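Next up, upload-v8.txt (compact mmCIF, C-alpha atoms):
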# COMPACT_ATOMS: atom_id res chain seq x y z
CA MET A 24 -39.41 -20.56 -93.70
CA LYS A 25 -38.90 -17.50 -95.89
CA THR A 26 -35.64 -15.62 -95.73
CA ASP A 27 -37.36 -12.58 -94.19
CA ALA A 28 -38.80 -14.78 -91.44
CA LEU A 29 -35.34 -16.21 -90.79
CA ILE A 30 -33.88 -12.70 -90.56
CA ALA A 31 -36.62 -11.66 -88.14
CA MET A 32 -35.96 -14.77 -86.05
CA LEU A 33 -32.20 -14.17 -85.91
CA ALA A 34 -32.61 -10.49 -85.01
CA THR A 35 -35.30 -10.98 -82.36
CA ASN A 36 -33.84 -10.77 -78.85
CA ALA A 37 -30.31 -11.15 -80.24
CA ALA A 38 -28.12 -10.97 -77.15
CA PRO A 39 -25.22 -8.51 -77.14
CA VAL A 40 -22.00 -10.24 -78.17
CA GLU A 41 -19.28 -10.48 -75.55
CA ALA A 42 -16.02 -8.86 -76.58
CA GLY A 43 -12.72 -10.72 -76.59
CA VAL A 44 -14.02 -14.23 -77.36
CA LEU A 45 -10.97 -15.05 -79.48
CA ARG A 46 -8.47 -13.90 -76.87
CA ARG A 47 -10.27 -15.76 -74.11
CA ARG A 48 -10.50 -19.02 -76.06
CA TYR A 49 -6.80 -18.99 -76.91
CA ALA A 50 -5.83 -18.04 -73.37
CA ILE A 51 -7.80 -21.01 -72.02
CA ALA A 52 -6.47 -23.37 -74.69
CA LEU A 53 -2.84 -22.42 -74.10
CA GLY A 54 -3.05 -22.11 -70.32
CA ALA A 55 -4.82 -25.41 -69.72
CA GLY A 56 -2.96 -27.18 -72.55
CA LEU A 57 0.48 -26.16 -71.28
CA ALA A 58 -0.41 -27.06 -67.69
CA PHE A 59 -1.51 -30.54 -68.79
CA ALA A 60 1.59 -30.96 -70.94
CA VAL A 61 3.90 -30.06 -68.03
CA LEU A 62 2.04 -32.53 -65.82
CA LEU A 63 2.32 -35.22 -68.50
CA MET A 64 6.03 -34.53 -68.89
CA ALA A 65 6.66 -34.62 -65.13
CA VAL A 66 4.70 -37.85 -64.62
CA VAL A 67 5.61 -39.84 -67.73
CA LEU A 68 9.12 -38.60 -68.55
CA GLY A 69 10.39 -36.71 -65.50
CA VAL A 70 12.06 -33.30 -65.25
CA ARG A 71 15.76 -33.47 -66.11
CA PRO A 72 17.63 -33.70 -62.78
CA ASP A 73 20.22 -31.09 -63.76
CA LEU A 74 17.68 -28.51 -64.93
CA ALA A 75 18.94 -25.77 -62.61
CA GLU A 76 22.54 -26.07 -63.86
CA ALA A 77 21.40 -26.48 -67.46
CA THR A 78 19.61 -23.14 -67.37
CA ARG A 79 23.00 -21.49 -66.86
CA LEU A 80 24.24 -22.78 -70.23
CA PRO A 81 23.58 -20.64 -73.33
CA MET A 82 22.75 -23.75 -75.37
CA PHE A 83 19.78 -24.48 -73.13
CA TRP A 84 18.29 -21.13 -74.11
CA VAL A 85 19.18 -21.58 -77.78
CA LYS A 86 17.30 -24.87 -77.65
CA PHE A 87 14.40 -23.21 -75.84
CA ALA A 88 14.31 -20.35 -78.36
CA LEU A 89 13.55 -22.62 -81.33
CA PRO A 90 10.11 -23.85 -80.17
CA LEU A 91 9.41 -20.52 -78.46
CA SER A 92 9.86 -18.54 -81.68
CA LEU A 93 7.85 -21.08 -83.68
CA LEU A 94 5.13 -20.94 -81.02
CA ALA A 95 4.94 -17.15 -81.33
CA ILE A 96 4.71 -17.30 -85.13
CA ALA A 97 2.09 -20.07 -84.98
CA ILE A 98 -0.07 -18.11 -82.52
CA VAL A 99 -0.06 -15.05 -84.79
CA GLY A 100 -0.92 -17.26 -87.79
CA ALA A 101 -3.67 -19.20 -86.03
CA VAL A 102 -5.31 -16.05 -84.67
CA ARG A 103 -5.37 -14.51 -88.15
CA LEU A 104 -6.74 -17.68 -89.72
CA ALA A 105 -9.48 -17.91 -87.09
CA ARG A 106 -11.35 -14.89 -88.48
CA PRO A 107 -12.93 -14.62 -91.92
CA GLY A 108 -11.34 -12.06 -94.20
CA VAL A 109 -8.15 -11.49 -92.19
CA ALA A 110 -5.14 -12.04 -94.44
CA ILE A 111 -2.41 -14.38 -93.20
CA GLY A 112 0.10 -11.99 -94.79
CA ARG A 113 3.79 -12.72 -94.30
CA VAL A 114 3.36 -14.98 -91.28
CA PRO A 115 4.27 -18.21 -93.16
CA ALA A 116 7.38 -16.46 -94.50
CA ALA A 117 8.60 -16.03 -90.90
CA LEU A 118 8.63 -19.79 -90.27
CA PRO A 119 11.92 -20.56 -92.08
CA VAL A 120 13.81 -17.94 -90.01
CA PRO A 121 14.20 -19.92 -86.74
CA VAL A 122 14.69 -23.10 -88.77
CA ALA A 123 17.51 -21.52 -90.78
CA ALA A 124 19.08 -20.21 -87.56
CA ILE A 125 19.26 -23.64 -85.93
CA TRP A 126 20.56 -25.20 -89.16
CA ILE A 127 23.34 -22.63 -89.42
CA LEU A 128 24.29 -23.38 -85.81
CA SER A 129 24.13 -27.11 -86.57
CA ALA A 130 26.36 -26.77 -89.62
CA ALA A 131 28.88 -24.72 -87.62
CA ALA A 132 28.88 -27.30 -84.81
CA LEU A 133 29.33 -30.20 -87.22
CA VAL A 134 32.17 -28.48 -89.09
CA ALA A 135 33.98 -27.69 -85.85
CA ALA A 136 33.50 -31.21 -84.45
CA ASP A 137 35.85 -34.13 -84.77
CA PRO A 138 34.62 -36.21 -87.78
CA GLY A 139 34.17 -39.26 -85.57
CA GLN A 140 31.86 -37.30 -83.26
CA ARG A 141 29.45 -36.04 -85.92
CA ILE A 142 27.05 -38.96 -86.01
CA ALA A 143 26.87 -38.96 -82.21
CA MET A 144 26.03 -35.21 -82.23
CA LEU A 145 23.20 -35.82 -84.66
CA LEU A 146 21.68 -38.88 -83.02
CA GLY A 147 22.42 -38.15 -79.36
CA ASP A 148 21.06 -40.79 -76.99
CA SER A 149 17.37 -40.28 -77.72
CA TRP A 150 16.83 -39.49 -81.41
CA LEU A 151 14.06 -42.05 -81.80
CA MET A 152 12.07 -41.10 -78.71
CA CYS A 153 12.46 -37.32 -79.10
CA PRO A 154 9.94 -36.71 -81.94
CA LEU A 155 7.49 -39.19 -80.44
CA ASN A 156 7.68 -37.56 -77.00
CA ILE A 157 7.23 -34.10 -78.48
CA ALA A 158 4.18 -35.31 -80.41
CA MET A 159 2.79 -36.85 -77.22
CA LEU A 160 3.35 -33.66 -75.19
CA SER A 161 1.70 -31.60 -77.93
CA MET A 162 -1.61 -33.41 -77.50
CA PRO A 163 -3.16 -31.31 -74.68
CA VAL A 164 -2.49 -28.03 -76.52
CA PHE A 165 -3.60 -29.67 -79.77
CA ALA A 166 -6.99 -30.47 -78.24
CA GLY A 167 -7.15 -26.96 -76.77
CA VAL A 168 -6.40 -25.00 -79.93
CA PHE A 169 -8.77 -27.07 -82.04
CA TRP A 170 -11.46 -26.39 -79.45
CA ALA A 171 -10.59 -22.67 -79.64
CA MET A 172 -10.65 -22.63 -83.43
CA ARG A 173 -13.96 -24.51 -83.57
CA GLY A 174 -15.62 -21.64 -81.70
CA LEU A 175 -14.33 -19.15 -84.28
CA ALA A 176 -14.69 -19.11 -88.06
CA PRO A 177 -11.68 -20.24 -90.10
CA THR A 178 -12.26 -20.25 -93.86
CA ARG A 179 -8.98 -21.90 -94.95
CA LEU A 180 -9.28 -25.17 -93.12
CA VAL A 181 -6.07 -26.97 -94.16
CA LEU A 182 -3.93 -23.96 -93.32
CA ALA A 183 -5.85 -23.27 -90.09
CA GLY A 184 -5.36 -26.93 -89.10
CA ALA A 185 -1.66 -26.82 -89.95
CA PHE A 186 -1.03 -23.66 -87.90
CA SER A 187 -3.03 -25.05 -84.99
CA GLY A 188 -1.01 -28.27 -85.15
CA LEU A 189 2.28 -26.38 -85.35
CA LEU A 190 1.24 -24.27 -82.37
CA ALA A 191 0.61 -27.47 -80.41
CA GLY A 192 3.88 -29.03 -81.60
CA ALA A 193 5.89 -25.97 -80.59
CA ALA A 194 4.20 -25.95 -77.18
CA GLY A 195 4.99 -29.66 -76.78
CA ALA A 196 8.66 -29.11 -77.72
CA LEU A 197 8.90 -26.22 -75.28
CA VAL A 198 7.73 -28.45 -72.45
CA TYR A 199 9.98 -31.28 -73.64
CA CYS A 200 13.01 -28.99 -73.14
CA LEU A 201 12.42 -29.38 -69.39
CA HIS A 202 13.03 -33.12 -69.67
CA CYS A 203 15.39 -33.62 -72.59
CA PRO A 204 19.14 -33.62 -71.75
CA GLU A 205 20.32 -33.32 -75.40
CA MET A 206 22.27 -30.11 -76.02
CA ALA A 207 23.77 -30.49 -79.51
CA ALA A 208 22.43 -28.13 -82.20
CA PRO A 209 22.31 -30.83 -84.94
CA PHE A 210 20.10 -32.97 -82.69
CA ILE A 211 17.69 -30.08 -81.99
CA GLY A 212 17.66 -28.96 -85.61
CA THR A 213 16.60 -32.44 -86.71
CA TRP A 214 14.55 -34.29 -84.12
CA TYR A 215 12.84 -31.32 -82.46
CA LEU A 216 11.73 -30.06 -85.85
CA LEU A 217 10.47 -33.51 -86.78
CA GLY A 218 8.57 -33.76 -83.49
CA MET A 219 6.87 -30.40 -84.13
CA ALA A 220 6.11 -31.37 -87.72
CA ILE A 221 4.09 -34.43 -86.65
CA PRO A 222 1.21 -32.47 -85.05
CA ALA A 223 1.45 -29.81 -87.80
CA VAL A 224 0.88 -32.43 -90.50
CA ALA A 225 -1.84 -34.10 -88.43
CA GLY A 226 -3.52 -30.70 -87.99
CA ALA A 227 -3.47 -30.01 -91.73
CA ALA A 228 -4.99 -33.43 -92.39
CA LEU A 229 -7.70 -33.08 -89.73
CA GLY A 230 -8.48 -29.38 -90.33
CA PRO A 231 -11.12 -29.81 -93.05
CA ARG A 232 -12.99 -32.35 -90.96
CA LEU A 233 -12.67 -30.81 -87.49
CA LEU A 234 -12.92 -27.12 -88.32
CA ARG A 235 -15.82 -27.07 -90.78
CA TRP A 236 -18.70 -24.79 -89.83
CA MET B 181 -11.83 11.40 -117.69
CA GLY B 182 -15.57 10.75 -117.38
CA SER B 183 -15.03 7.10 -116.58
CA ALA B 184 -12.39 7.95 -114.00
CA ARG B 185 -14.85 10.27 -112.28
CA GLU B 186 -17.51 7.60 -112.41
CA TYR B 187 -15.09 5.09 -110.95
CA MET B 188 -14.27 7.44 -108.09
CA ARG B 189 -17.97 8.00 -107.47
CA SER B 190 -18.66 4.26 -107.38
CA ARG B 191 -15.75 3.81 -104.99
CA GLU B 192 -17.27 6.44 -102.75
CA ARG B 193 -20.65 4.71 -102.90
CA VAL B 194 -19.11 1.39 -101.89
CA GLY B 195 -17.23 3.12 -99.08
CA ALA B 196 -20.37 4.84 -97.82
CA GLN B 197 -22.28 1.56 -97.93
CA GLU B 198 -19.50 -0.19 -96.02
CA ASP B 199 -19.60 2.51 -93.33
CA HIS B 200 -23.38 2.30 -93.10
CA LEU B 201 -23.44 -1.52 -92.84
CA LYS B 202 -20.60 -1.53 -90.36
CA ASP B 203 -22.42 0.96 -88.18
CA LEU B 204 -25.51 -1.28 -88.25
CA LEU B 205 -23.53 -4.40 -87.40
CA VAL B 206 -21.54 -2.79 -84.59
CA ARG B 207 -24.77 -1.49 -83.04
CA GLY B 208 -26.35 -4.90 -83.61
CA LEU B 209 -23.50 -6.69 -81.86
CA ALA B 210 -23.97 -4.37 -78.90
CA GLY B 211 -27.61 -5.48 -78.62
CA ASP B 212 -29.56 -3.08 -80.89
CA GLY B 213 -32.09 -5.46 -82.47
CA ALA B 214 -33.45 -3.01 -85.05
CA ALA B 215 -29.95 -2.20 -86.33
CA TYR B 216 -29.08 -5.89 -86.46
CA HIS B 217 -32.28 -6.63 -88.39
CA ALA B 218 -31.40 -3.94 -90.94
CA PHE B 219 -27.88 -5.33 -91.22
CA LEU B 220 -29.10 -8.88 -91.88
CA LYS B 221 -31.58 -7.58 -94.45
CA ALA B 222 -28.85 -5.74 -96.36
CA LEU B 223 -26.52 -8.70 -95.96
CA SER B 224 -29.09 -11.07 -97.45
CA ALA B 225 -29.40 -8.89 -100.55
CA PHE B 226 -25.61 -8.84 -100.91
CA LEU B 227 -25.43 -12.61 -100.48
CA ARG B 228 -28.21 -13.25 -102.98
CA ALA B 229 -26.47 -11.15 -105.63
CA PHE B 230 -23.09 -12.71 -104.86
CA LEU B 231 -24.39 -16.29 -105.01
CA ARG B 232 -26.74 -15.81 -107.97
CA GLY B 233 -23.91 -14.57 -110.11
CA ARG B 234 -21.73 -17.54 -109.24
CA LEU B 235 -24.30 -20.33 -109.01
CA ALA B 236 -26.19 -19.63 -112.23
CA ARG B 237 -26.35 -23.36 -112.93
CA VAL B 238 -28.30 -24.12 -109.77
CA PRO B 239 -30.67 -21.16 -109.19
CA ASP B 240 -32.94 -23.44 -107.17
CA GLU B 241 -30.41 -23.73 -104.43
CA VAL B 242 -29.37 -20.08 -104.13
CA GLU B 243 -32.00 -19.14 -101.56
CA ASP B 244 -31.15 -22.20 -99.45
CA LEU B 245 -27.55 -21.14 -99.44
CA VAL B 246 -28.47 -17.52 -98.61
CA GLN B 247 -30.32 -18.84 -95.55
CA GLU B 248 -27.52 -21.20 -94.59
CA THR B 249 -25.00 -18.35 -94.82
CA LEU B 250 -27.19 -15.96 -92.79
CA LEU B 251 -27.47 -18.56 -90.06
CA ALA B 252 -23.71 -19.16 -90.15
CA ILE B 253 -22.96 -15.44 -89.97
CA HIS B 254 -25.33 -15.06 -87.03
CA ASN B 255 -23.70 -17.97 -85.19
CA GLN B 256 -20.18 -16.66 -85.86
CA ARG B 257 -20.95 -12.95 -85.52
CA HIS B 258 -18.57 -12.71 -82.55
CA THR B 259 -15.65 -13.20 -84.98
CA TYR B 260 -16.17 -9.74 -86.45
CA ASP B 261 -13.64 -7.24 -85.18
CA ALA B 262 -14.66 -3.61 -85.69
CA SER B 263 -11.12 -2.66 -86.73
CA GLN B 264 -11.45 -4.95 -89.76
CA PRO B 265 -13.09 -4.01 -93.09
CA LEU B 266 -16.62 -5.42 -93.03
CA THR B 267 -16.63 -6.20 -96.74
CA ALA B 268 -13.63 -8.53 -96.38
CA TRP B 269 -15.32 -10.38 -93.52
CA MET B 270 -18.64 -10.78 -95.38
CA HIS B 271 -16.94 -11.73 -98.61
CA ALA B 272 -14.75 -14.39 -96.97
CA ILE B 273 -17.79 -15.98 -95.30
CA ALA B 274 -19.87 -15.96 -98.50
CA ARG B 275 -17.00 -17.49 -100.46
CA TYR B 276 -16.36 -20.12 -97.81
CA LYS B 277 -20.02 -21.14 -97.69
CA MET B 278 -20.23 -21.29 -101.48
CA ILE B 279 -17.14 -23.51 -101.79
CA ASP B 280 -18.43 -25.75 -99.00
CA PHE B 281 -21.75 -26.01 -100.86
CA LEU B 282 -20.05 -26.86 -104.17
CA ARG B 283 -17.96 -29.57 -102.51
CA ARG B 284 -21.02 -31.08 -100.89
CA ARG B 285 -22.82 -30.94 -104.21
CA ALA B 286 -19.92 -32.55 -106.08
CA GLY B 287 -20.04 -35.37 -103.53
CA ARG B 288 -23.77 -35.84 -104.14
CA GLU B 289 -23.43 -35.56 -107.91
CA ALA B 290 -20.83 -38.29 -108.00
CA MET B 291 -23.62 -40.61 -106.89
CA ASN B 292 -26.54 -39.12 -108.86
CA ASP B 293 -27.03 -37.91 -112.42
CA PRO B 294 -25.29 -34.69 -113.27
CA LEU B 295 -27.36 -31.72 -114.50
CA SER B 296 -28.83 -32.27 -117.95
CA ASP B 297 -28.65 -29.66 -120.72
CA ASP B 298 -32.36 -28.92 -120.36
CA ASP B 299 -31.84 -27.85 -116.78
CA GLU B 300 -29.15 -25.46 -117.84
CA LEU B 301 -31.37 -23.79 -120.44
CA LEU B 302 -34.06 -23.28 -117.84
CA ALA B 303 -31.51 -21.95 -115.43
CA ALA B 304 -30.28 -19.31 -117.85
CA SER B 305 -33.70 -17.68 -118.18
CA ASP B 306 -34.60 -17.80 -114.52
CA GLU B 307 -33.99 -14.60 -112.66
CA GLU B 308 -36.97 -14.39 -110.35
CA ALA B 309 -36.58 -14.69 -106.62
CA ARG B 310 -37.23 -18.23 -105.52
CA GLU B 311 -38.44 -19.86 -102.38
CA ALA B 312 -35.99 -21.78 -100.29
CA ARG B 313 -36.45 -25.49 -100.92
CA ARG B 314 -35.29 -26.57 -97.52
CA ASP B 315 -37.66 -25.50 -94.78
CA LEU B 316 -35.88 -24.34 -91.65
CA ALA B 317 -39.15 -24.47 -89.70
CA THR B 318 -39.28 -28.23 -90.33
CA LEU B 319 -35.67 -28.63 -89.24
CA LEU B 320 -36.43 -26.69 -86.06
CA GLU B 321 -38.95 -29.39 -85.14
CA ARG B 322 -36.11 -31.91 -85.02
CA LEU B 323 -34.32 -30.09 -82.20
CA PRO B 324 -34.71 -31.44 -78.66
CA ASP B 325 -37.20 -29.50 -76.48
CA ARG B 326 -34.49 -27.82 -74.40
CA GLN B 327 -33.35 -26.07 -77.60
CA ARG B 328 -36.56 -25.96 -79.62
CA LEU B 329 -38.72 -24.31 -76.94
CA PRO B 330 -36.25 -21.49 -76.13
CA ILE B 331 -35.94 -20.73 -79.88
CA LEU B 332 -39.71 -20.88 -80.37
CA HIS B 333 -40.49 -18.54 -77.47
CA VAL B 334 -37.51 -16.16 -77.47
CA LYS B 335 -36.66 -15.94 -81.17
CA ILE B 336 -39.97 -16.55 -82.95
CA GLN B 337 -42.64 -15.36 -80.49
CA GLY B 338 -40.36 -12.65 -79.11
CA LEU B 339 -40.87 -13.42 -75.42
CA SER B 340 -38.15 -12.38 -72.97
CA VAL B 341 -35.71 -14.87 -71.50
CA ALA B 342 -37.39 -14.49 -68.08
CA GLU B 343 -40.88 -15.13 -69.51
CA THR B 344 -39.61 -18.18 -71.39
CA ALA B 345 -37.94 -19.52 -68.27
CA LYS B 346 -41.21 -19.22 -66.36
CA LEU B 347 -43.18 -20.83 -69.20
CA THR B 348 -40.86 -23.79 -69.76
CA GLY B 349 -39.56 -24.37 -66.24
CA LEU B 350 -36.00 -24.00 -67.49
CA SER B 351 -33.57 -21.67 -65.74
CA GLU B 352 -32.76 -18.38 -67.50
CA SER B 353 -29.25 -19.50 -68.32
CA ALA B 354 -30.62 -22.79 -69.71
CA VAL B 355 -32.91 -20.73 -71.98
CA LYS B 356 -29.97 -18.66 -73.27
CA ILE B 357 -27.84 -21.76 -73.79
CA GLY B 358 -30.76 -23.50 -75.50
CA VAL B 359 -31.10 -20.66 -78.02
CA HIS B 360 -27.36 -20.58 -78.66
CA ARG B 361 -26.87 -24.33 -79.03
CA GLY B 362 -30.13 -24.76 -80.91
CA LEU B 363 -29.10 -22.30 -83.61
CA LYS B 364 -25.73 -24.08 -83.86
CA ALA B 365 -27.47 -27.44 -84.17
CA LEU B 366 -29.76 -25.99 -86.84
CA ALA B 367 -26.72 -24.84 -88.80
CA ALA B 368 -25.24 -28.33 -88.49
CA PHE B 369 -28.47 -29.91 -89.87
CA VAL B 370 -28.37 -27.51 -92.79
CA ARG B 371 -24.76 -28.41 -93.67
CA LYS B 372 -25.56 -32.08 -94.11
In structure tokens, write the structure found in this file.
Amino acid sequence: MKTDALIAMLATNAAPVEAGVLRRRYAIALGAGLAFAVLLMAVVLGVRPDLAEATRLPMFWVKFALPLSLLAIAIVGAVRLARPGVAIGRVPAALPVPVAAIWILSAAALVAADPGQRIAMLLGDSWLMCPLNIAMLSMPVFAGVFWAMRGLAPTRLVLAGAFSGLLAGAAGALVYCLHCPEMAAPFIGTWYLLGMAIPAVAGAALGPRLLRW
Amino acid sequence: MGSAREYMRSRERVGAQEDHLKDLLVRGLAGDGAAYHAFLKALSAFLRAFLRGRLARVPDEVEDLVQETLLAIHNQRHTYDASQPLTAWMHAIARYKMIDFLRRRAGREAMNDPLSDDDELLAASDEEAREARRDLATLLERLPDRQRLPILHVKIQGLSVAETAKLTGLSESAVKIGVHRGLKALAAFVRK
């Protein structure tokens, strides 16, 4: 087939393109992914029994703010990376801000604490399970955002995969807050970050294979 | 001074061309077939020049890659946002497709003989337009009927969706989906 014949074929009866494909795909991915993650959390792990009282404590919201801010940054990054020729700009530079904030809080908490208490603040009761649970809860959104990205046109596949994975990890951590009773900043600043990093690294590794078009 | 004026004039030309192409694409995306045809035609010339300059060592494969990129742009045309500069969008796609092609080629070359010096000499003197080596019409034959027939009738013979539905016994939405998925499947064949 000559190139002119291909062009004629592509242009013949080309249907009008629907507007808002990107927005719709991400809305579906996040909506369905988060719903599944909440269900998974409720069934497998259980909602923390004292959730209502916990929401009255500032630390609950500090803990919630870490994945929430990373989720917002990751959404902006993923949406930019999903379209050819849109620069990612300063989005990656925003990532260290919430991380630095939780580390400053952690350092302050550790300094103020009794030296004998410090290890307990860091490890809590669930340090081993926390990153694994966050990675597990990130899986529905992970599947969703990779589906969304596959219908778009990323040109930087490692970065697009990493931001998609981080988005899923942050969503998973957000949902995990509804189960997890840990309230110490050093715990959150270590194990929550590690849990979110697992899907981000997996996304970067899988991006070139899953997102190619 | 003269060169500065020339530079400004060339900037204006590029800007005018961008506006013109963008207008064609935006109308094309809204369903204006003639405008979309003109856009793809101009785009193919841009792609050919872009790829020829960068793939001088493999002139035989330039036209294949032009076709592959046109198909990819058509399949992903919904990712263009009218508030975005068209040149950046086109350029990013062309670059992406070229890098993907070079990676694929490096993978193949690792198994086969690399280009000999003779090939390179021939390549340097070859500036004529070439035929594509891969025939998309042959690849179309490999699609299942539910995709091949909608593409044949709607996209090649120019029948309407309703006429094609009547002719094939498929529902109208199955015809539309067949065209859409068929062109995606074609792009996937081409990438291999």
Residues of chain B within 8 Å of chain A, counting only C-alpha atoms, as a ChimeraX atom specification: /B:208-214,216-217,220-221,243,246-247,250-252,254,256-260,264,268-273,276,311-312,315-317,334-336,338,340,368
Pairwise distance for CA of Gly56 (chain A) and CA of Gly212 (chain A), rounded to one decimal in Å: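 One can read the CA of Gly56 (chain A) to CA of Gly212 (chain A) distance as 24.5 Å.
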Pairwise distance for CA of Gly147 (chain A) and CA of Ala194 (chain A), rounded to one decimal in Å: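 Between CA of Gly147 (chain A) and CA of Ala194 (chain A) the gap is 22.0 Å.
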Atomic distance CA of Phe219 (chain B) - CA of Asp203 (chain B), expressed in Å with one decimal: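 CA of Asp203 (chain B) lies 8.9 Å from CA of Phe219 (chain B).
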Could you name the residues that touch Arg232 (chain B) at 9 Å or less, counting only C-alpha atoms, but leaving out those on the same chain fewer than 6 positions away, as a short mmCIF file (atom, residue, chain, number, x, y, z; two decimals) with C-alpha atoms, in the coordinates of the input?
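Result file is out-v4.cif:
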data_model
loop_
_atom_site.label_atom_id
_atom_site.label_comp_id
_atom_site.auth_asym_id
_atom_site.auth_seq_id
_atom_site.Cartn_x
_atom_site.Cartn_y
_atom_site.Cartn_z
CA VAL B 238 -28.30 -24.12 -109.77
CA PRO B 239 -30.67 -21.16 -109.19
CA VAL B 242 -29.37 -20.08 -104.13
CA GLU B 243 -32.00 -19.14 -101.56
CA GLU B 307 -33.99 -14.60 -112.66
#
Contact residues around region 114-124 of chain A with all atoms listed in the file at 9 Å, ignoring same-chain residues under 3 positions, as a PyMOL selection string: chain A and resi 88-90+92-93+96-97+99-100+111+127-129+212+216
Output file for the selection above: C-alpha atoms, as a PDB file, in the coordinates of the input:
ATOM      1  CA  ALA A  88      14.310 -20.350 -78.360  1.00  0.00           C
ATOM      2  CA  LEU A  89      13.550 -22.620 -81.330  1.00  0.00           C
ATOM      3  CA  PRO A  90      10.110 -23.850 -80.170  1.00  0.00           C
ATOM      4  CA  SER A  92       9.860 -18.540 -81.680  1.00  0.00           C
ATOM      5  CA  LEU A  93       7.850 -21.080 -83.680  1.00  0.00           C
ATOM      6  CA  ILE A  96       4.710 -17.300 -85.130  1.00  0.00           C
ATOM      7  CA  ALA A  97       2.090 -20.070 -84.980  1.00  0.00           C
ATOM      8  CA  VAL A  99      -0.060 -15.050 -84.790  1.00  0.00           C
ATOM      9  CA  GLY A 100      -0.920 -17.260 -87.790  1.00  0.00           C
ATOM     10  CA  ILE A 111      -2.410 -14.380 -93.200  1.00  0.00           C
ATOM     11  CA  ILE A 127      23.340 -22.630 -89.420  1.00  0.00           C
ATOM     12  CA  LEU A 128      24.290 -23.380 -85.810  1.00  0.00           C
ATOM     13  CA  SER A 129      24.130 -27.110 -86.570  1.00  0.00           C
ATOM     14  CA  GLY A 212      17.660 -28.960 -85.610  1.00  0.00           C
ATOM     15  CA  LEU A 216      11.730 -30.060 -85.850  1.00  0.00           C
TER      16      LEU A 216
END
Who sits within 12 Å of Ser187 (chain A), all atoms listed in the file, same chain under 4 positions skipped, as a PyMOL selection string: chain A and resi 49+52-53+93-105+161-162+164-173+177+180-183+191-194+219-230+233-234
Best match for closeness to Ala158 (chain A) among A:Gly54, A:Met64, A:Arg71, A:Met206, counting only C-alpha atoms: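 Once distances to Ala158 (chain A) are computed over only C-alpha atoms, the minimum belongs to A:Met64.
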Contact residues around Tyr199 (chain A) with only C-alpha atoms at 12 Å, ignoring same-chain residues under 5 positions, as a PyMOL selection string: chain A and resi 57+60-65+67-71+74+83+86-87+90-91+152-161+192-194+204-205+211+214-215+218-219
Nearest-residue call for Arg141 (chain A), choices A:Pro72, A:Pro209, A:Arg46, A:Ala58, using only C-alpha atoms: A:Pro209
